[in-house]
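Asker: Submitted below is the structure of interest, expressed as structure tokens.
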Amino acid sequence: MPTHTRILLEKRMQIFLEHCKLKRQKSRMDVYMENLKLVSNKEIYDLDDKDVLRFLIYKDVNDSGRTVVHHYSCPNVGTDNVQQCLDHVKCGLRHQSESMRVGIVDKLRKAFEDVGRTGPFDSTTQLGDPTRASIVKEYMLYKRQEQGMSGVRSTKARHISKEKMDKFMVNLHGKILGLKKGVRRLRVKQRRAMYGYCFSVIKRLAGAGHVIAANTVRMPNNRGHVFNCTWDKTQIIDSHCFGFLCVKAKEPWCPHCVIDDWVNEAKTYGMDFSKGLLFPKINNDGTANMKTRWKSKDLTETLKRDLESFHLYEGETPHSFRHGGTVNSLKQGKSLEKTMYLAYMKNVKTAQSYSRGMRVLFPNFDWKDTGISVNPESIDELDLMCQMKSWKAFVSAGPTL
Ligand SMILES: [Zn+2]
Ligand SMILES: [Zn+2]
């Protein structure tokens, strides 16, 4: 092996191993297992079903839960605090049952699995996976019933309705108009663009953090944007092609125009959208920070604050955007295929996926003024692909192509 290849090999190996180490340090699986061992004062091979049960109950009484649960006989059932309750053993703040199952029990199960403790738990031999013991299952069932009788609703993120989104975006625009040019205004513009993008393409908010600017296409005559995404929280690498037409004249706000507004302002700070991300994190001097990308966690607080500032906050999280657009377009009686917001194209080369995607997305698109004067049925694939090379959304200075 040539020396320089060996050096590269070693260095890449090192980067990968550091990645593994970091991932482990941060994983909830390890955090909960460490916690369980600490609470039980035992090692992983000695832990049994009672230890797991004690740990779950400990999590339910140590003030780490955020769900108000009243005992079925408590007169305060249906209220969302326990301050007035007479019995603070029967009423209290607990972990929502489903989130405890997914967030704690499943994580511990993985940790046991990692050391070979799998399969049903046998209380006589103490072998197997203690999270699968009947007493643990029974506790989870007990919690579900208790929370059902207490009227606890599912913690699934609420959707943002089109009406609310309109109010939100219009208010944000007003806020921007009141701000002087500066990094603060730049950040608000970026958030507004991310919210608009996510609502319109029906993606999780954090997904916006992975959009590659150079992979975005501007539709001919500036009629909209088409995106090609390869990365999302699901971590499935695939090609999702979707986009939206400009709705400036028809709707209170247009995601395509809002994104352009953000990009144009960012360019005045020297940000370059011929490469890099469409929504990078921003340094204090207004330059792009490529070290990390936006995550749901980062966006939870800012979204809450933005909504609160217009008195619109009702418990929304970044996940609330996931189905906002779908719910909206279906409500208006459009079929999912016909709505202009979304289409998936799988496993096709970029240009081809764009061109096909565009025809699926916009079957009624008027190609007359685009220079490709053919009907959509017989578009010349090669011709279109050549054309599309000049359609990079953010490379030219002006908003139109
Ligand atoms: Zn109560
Ligand atoms: Zn527009």
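Each chain in the structure tokens gets a letter, A, B, ..., in the order shown, and its residues are numbered from 1; ligands are numbered from 1 in order too.
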Counting only C-alpha atoms and all ligand atoms, what are the residues, protein, DNA or RNA alike, that approach ligand 1 to within 7 Å? I want them as a PyMOL selection string.
Answerer: chain A and resi 70-71+74-77+82+85-87+91
Asker: Could you report the residues within 12 Å of ligand 2, using only C-alpha atoms and all ligand atoms, as a PDB file with N, CA and C atoms, in the first residue's frame?
Answerer:
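Wrote it out as result_21.pdb, contents follow:
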```
ATOM      1  N   ALA A 193     -38.074  31.314   6.943  1.00  0.00           N
ATOM      2  CA  ALA A 193     -37.917  30.505   5.733  1.00  0.00           C
ATOM      3  C   ALA A 193     -37.980  29.014   6.056  1.00  0.00           C
ATOM      4  N   GLY A 196     -41.572  28.066   6.820  1.00  0.00           N
ATOM      5  CA  GLY A 196     -42.338  28.044   5.570  1.00  0.00           C
ATOM      6  C   GLY A 196     -42.018  26.820   4.736  1.00  0.00           C
ATOM      7  N   TYR A 197     -40.738  26.512   4.656  1.00  0.00           N
ATOM      8  CA  TYR A 197     -40.292  25.334   3.905  1.00  0.00           C
ATOM      9  C   TYR A 197     -40.914  24.071   4.483  1.00  0.00           C
ATOM     10  N   ARG A 218     -34.543  26.227  -9.447  1.00  0.00           N
ATOM     11  CA  ARG A 218     -35.559  27.266  -9.588  1.00  0.00           C
ATOM     12  C   ARG A 218     -36.356  26.962 -10.844  1.00  0.00           C
ATOM     13  N   MET A 219     -37.637  26.947 -10.732  1.00  0.00           N
ATOM     14  CA  MET A 219     -38.441  26.630 -11.904  1.00  0.00           C
ATOM     15  C   MET A 219     -38.364  27.772 -12.915  1.00  0.00           C
ATOM     16  N   ASN A 221     -38.768  30.850 -15.262  1.00  0.00           N
ATOM     17  CA  ASN A 221     -39.487  32.111 -15.016  1.00  0.00           C
ATOM     18  C   ASN A 221     -39.836  32.317 -13.545  1.00  0.00           C
ATOM     19  N   ASN A 222     -38.968  31.761 -12.699  1.00  0.00           N
ATOM     20  CA  ASN A 222     -39.104  31.969 -11.255  1.00  0.00           C
ATOM     21  C   ASN A 222     -40.474  31.588 -10.718  1.00  0.00           C
ATOM     22  N   ARG A 223     -40.979  30.456 -11.176  1.00  0.00           N
ATOM     23  CA  ARG A 223     -42.331  30.084 -10.752  1.00  0.00           C
ATOM     24  C   ARG A 223     -42.357  29.205  -9.506  1.00  0.00           C
ATOM     25  N   GLY A 224     -41.177  28.875  -9.007  1.00  0.00           N
ATOM     26  CA  GLY A 224     -41.185  28.068  -7.789  1.00  0.00           C
ATOM     27  C   GLY A 224     -39.834  27.402  -7.571  1.00  0.00           C
ATOM     28  N   HIS A 225     -39.753  26.602  -6.512  1.00  0.00           N
ATOM     29  CA  HIS A 225     -38.535  25.864  -6.206  1.00  0.00           C
ATOM     30  C   HIS A 225     -38.810  24.368  -6.239  1.00  0.00           C
ATOM     31  N   GLY A 243     -41.443  20.024  -4.366  1.00  0.00           N
ATOM     32  CA  GLY A 243     -41.293  21.456  -4.563  1.00  0.00           C
ATOM     33  C   GLY A 243     -42.576  22.211  -4.422  1.00  0.00           C
ATOM     34  N   PHE A 244     -42.493  23.508  -4.614  1.00  0.00           N
ATOM     35  CA  PHE A 244     -43.718  24.305  -4.584  1.00  0.00           C
ATOM     36  C   PHE A 244     -43.668  25.448  -5.577  1.00  0.00           C
ATOM     37  N   LEU A 245     -44.824  25.763  -6.091  1.00  0.00           N
ATOM     38  CA  LEU A 245     -44.972  26.881  -7.018  1.00  0.00           C
ATOM     39  C   LEU A 245     -45.112  28.172  -6.227  1.00  0.00           C
ATOM     40  N   CYS A 246     -44.758  29.272  -6.883  1.00  0.00           N
ATOM     41  CA  CYS A 246     -44.937  30.574  -6.250  1.00  0.00           C
ATOM     42  C   CYS A 246     -46.438  30.848  -6.080  1.00  0.00           C
ATOM     43  N   VAL A 247     -46.833  31.221  -4.863  1.00  0.00           N
ATOM     44  CA  VAL A 247     -48.253  31.509  -4.618  1.00  0.00           C
ATOM     45  C   VAL A 247     -48.411  32.937  -4.083  1.00  0.00           C
ATOM     46  N   LYS A 248     -47.432  33.774  -4.461  1.00  0.00           N
ATOM     47  CA  LYS A 248     -47.381  35.155  -3.961  1.00  0.00           C
ATOM     48  C   LYS A 248     -48.722  35.885  -4.105  1.00  0.00           C
ATOM     49  N   ALA A 249     -49.313  35.777  -5.268  1.00  0.00           N
ATOM     50  CA  ALA A 249     -50.521  36.572  -5.533  1.00  0.00           C
ATOM     51  C   ALA A 249     -51.764  35.961  -4.896  1.00  0.00           C
ATOM     52  N   LYS A 250     -51.683  34.652  -4.555  1.00  0.00           N
ATOM     53  CA  LYS A 250     -52.900  33.959  -4.120  1.00  0.00           C
ATOM     54  C   LYS A 250     -52.995  33.754  -2.619  1.00  0.00           C
ATOM     55  N   GLU A 251     -51.836  33.685  -1.956  1.00  0.00           N
ATOM     56  CA  GLU A 251     -51.836  33.315  -0.542  1.00  0.00           C
ATOM     57  C   GLU A 251     -51.216  34.434   0.301  1.00  0.00           C
ATOM     58  N   PRO A 252     -51.482  34.427   1.617  1.00  0.00           N
ATOM     59  CA  PRO A 252     -50.899  35.456   2.483  1.00  0.00           C
ATOM     60  C   PRO A 252     -49.366  35.418   2.520  1.00  0.00           C
ATOM     61  N   TRP A 253     -48.799  34.269   2.249  1.00  0.00           N
ATOM     62  CA  TRP A 253     -47.337  34.173   2.204  1.00  0.00           C
ATOM     63  C   TRP A 253     -46.956  33.084   1.221  1.00  0.00           C
ATOM     64  N   CYS A 254     -45.750  33.197   0.673  1.00  0.00           N
ATOM     65  CA  CYS A 254     -45.294  32.206  -0.314  1.00  0.00           C
ATOM     66  C   CYS A 254     -43.965  31.613   0.140  1.00  0.00           C
ATOM     67  N   PRO A 255     -43.905  30.290   0.319  1.00  0.00           N
ATOM     68  CA  PRO A 255     -42.652  29.692   0.820  1.00  0.00           C
ATOM     69  C   PRO A 255     -41.472  29.979  -0.102  1.00  0.00           C
ATOM     70  N   HIS A 256     -41.722  29.988  -1.382  1.00  0.00           N
ATOM     71  CA  HIS A 256     -40.645  30.232  -2.356  1.00  0.00           C
ATOM     72  C   HIS A 256     -40.097  31.649  -2.200  1.00  0.00           C
ATOM     73  N   CYS A 257     -40.984  32.631  -2.048  1.00  0.00           N
ATOM     74  CA  CYS A 257     -40.547  34.018  -1.872  1.00  0.00           C
ATOM     75  C   CYS A 257     -39.868  34.221  -0.513  1.00  0.00           C
ATOM     76  N   VAL A 258     -40.381  33.535   0.510  1.00  0.00           N
ATOM     77  CA  VAL A 258     -39.817  33.665   1.850  1.00  0.00           C
ATOM     78  C   VAL A 258     -38.391  33.104   1.880  1.00  0.00           C
ATOM     79  N   ILE A 259     -38.180  32.011   1.164  1.00  0.00           N
ATOM     80  CA  ILE A 259     -36.839  31.426   1.089  1.00  0.00           C
ATOM     81  C   ILE A 259     -35.902  32.378   0.341  1.00  0.00           C
ATOM     82  N   ASP A 260     -36.375  32.945  -0.760  1.00  0.00           N
ATOM     83  CA  ASP A 260     -35.553  33.898  -1.501  1.00  0.00           C
ATOM     84  C   ASP A 260     -35.187  35.107  -0.649  1.00  0.00           C
ATOM     85  N   ASP A 261     -36.139  35.547   0.154  1.00  0.00           N
ATOM     86  CA  ASP A 261     -35.898  36.696   1.019  1.00  0.00           C
ATOM     87  C   ASP A 261     -34.751  36.395   1.982  1.00  0.00           C
ATOM     88  N   PRO A 399     -33.402  37.433  -8.441  1.00  0.00           N
ATOM     89  CA  PRO A 399     -34.391  36.429  -8.097  1.00  0.00           C
ATOM     90  C   PRO A 399     -34.926  35.665  -9.318  1.00  0.00           C
ATOM     91  N   THR A 400     -34.775  36.226 -10.510  1.00  0.00           N
ATOM     92  CA  THR A 400     -35.330  35.541 -11.680  1.00  0.00           C
ATOM     93  C   THR A 400     -34.246  34.923 -12.530  1.00  0.00           C
TER      94      THR A 400
END
```
Asker: Work out how far apart CA of Asn81 in chain A and CA of Leu93 in chain A are and give it in Å to one decimal.
Answerer: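 Going from CA of Asn81 in chain A over to CA of Leu93 in chain A, I get 8.6 Å.
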Asker: Running DSSP on the backbone, which parts of range 9-109 of chain A land in strand (DSSP E), as a PyMOL selection string?
Answerer: chain A and resi 67-69+92-94
Asker: Looking only at the backbone, which of the residues in range 53-234 of chain A does DSSP tag as alpha helix (DSSP H), as a VMD selection string?
Answerer: chain A and resid 53 to 61 97 to 100 106 to 114 134 to 149 162 to 177 183 to 201
Asker: With C-alpha atoms retained, export the selected residues as a CSV table (one decimal), in the first residue's frame.
Answerer:
```csv
chain,number,residue,atom,x,y,z
A,53,LEU,CA,-39.5,-2.0,38.1
A,54,ARG,CA,-37.9,0.1,40.9
A,55,PHE,CA,-36.1,2.2,38.4
A,56,LEU,CA,-39.3,2.9,36.4
A,57,ILE,CA,-41.2,3.9,39.5
A,58,TYR,CA,-38.2,6.0,40.6
A,59,LYS,CA,-38.4,7.9,37.3
A,60,ASP,CA,-42.1,8.4,37.9
A,61,VAL,CA,-41.7,10.0,41.3
A,97,SER,CA,-46.8,5.9,29.5
A,98,GLU,CA,-46.0,5.6,25.8
A,99,SER,CA,-43.0,7.9,26.1
A,100,MET,CA,-41.7,5.8,29.0
A,106,ASP,CA,-36.8,0.1,24.9
A,107,LYS,CA,-33.5,1.9,25.5
A,108,LEU,CA,-32.7,-0.3,28.5
A,109,ARG,CA,-33.7,-3.4,26.4
A,110,LYS,CA,-31.1,-2.4,23.8
A,111,ALA,CA,-28.5,-2.1,26.5
A,112,PHE,CA,-29.3,-5.6,27.9
A,113,GLU,CA,-29.3,-6.9,24.4
A,114,ASP,CA,-25.8,-5.5,23.9
A,134,SER,CA,-44.2,-9.8,33.4
A,135,ILE,CA,-44.0,-7.4,36.4
A,136,VAL,CA,-42.5,-4.7,34.1
A,137,LYS,CA,-45.2,-5.3,31.5
A,138,GLU,CA,-47.8,-5.1,34.2
A,139,TYR,CA,-46.5,-1.7,35.4
A,140,MET,CA,-46.7,-0.3,31.9
A,141,LEU,CA,-50.2,-1.5,31.6
A,142,TYR,CA,-51.1,-0.1,35.1
A,143,LYS,CA,-49.7,3.3,34.0
A,144,ARG,CA,-51.7,3.3,30.7
A,145,GLN,CA,-55.0,2.6,32.6
A,146,GLU,CA,-54.2,5.1,35.3
A,147,GLN,CA,-53.5,7.8,32.7
A,148,GLY,CA,-56.5,6.8,30.6
A,149,MET,CA,-58.8,7.3,33.7
A,162,LYS,CA,-53.1,26.5,7.7
A,163,GLU,CA,-55.0,29.3,9.4
A,164,LYS,CA,-52.5,29.4,12.2
A,165,MET,CA,-49.6,29.2,9.9
A,166,ASP,CA,-50.9,32.1,7.9
A,167,LYS,CA,-51.2,34.2,11.1
A,168,PHE,CA,-47.7,33.1,12.2
A,169,MET,CA,-46.0,33.9,8.9
A,170,VAL,CA,-47.7,37.3,8.5
A,171,ASN,CA,-46.8,38.3,12.0
A,172,LEU,CA,-43.2,37.2,11.5
A,173,HIS,CA,-43.1,39.3,8.4
A,174,GLY,CA,-44.3,42.3,10.4
A,175,LYS,CA,-41.6,41.7,13.0
A,176,ILE,CA,-38.9,41.6,10.3
A,177,LEU,CA,-40.1,44.9,8.9
A,183,VAL,CA,-27.7,39.4,12.4
A,184,ARG,CA,-30.9,39.4,14.5
A,185,ARG,CA,-33.0,40.1,11.5
A,186,LEU,CA,-31.0,37.6,9.5
A,187,ARG,CA,-31.8,34.9,12.0
A,188,VAL,CA,-35.5,35.7,12.0
A,189,LYS,CA,-35.6,35.6,8.2
A,190,GLN,CA,-33.9,32.2,8.3
A,191,ARG,CA,-36.4,30.8,10.8
A,192,ARG,CA,-39.3,32.2,8.9
A,193,ALA,CA,-37.9,30.5,5.7
A,194,MET,CA,-37.4,27.2,7.6
A,195,TYR,CA,-40.9,27.3,9.0
A,196,GLY,CA,-42.3,28.0,5.6
A,197,TYR,CA,-40.3,25.3,3.9
A,198,CYS,CA,-41.3,22.7,6.4
A,199,PHE,CA,-44.9,23.5,6.4
A,200,SER,CA,-45.0,23.4,2.6
A,201,VAL,CA,-43.1,20.3,1.9
```
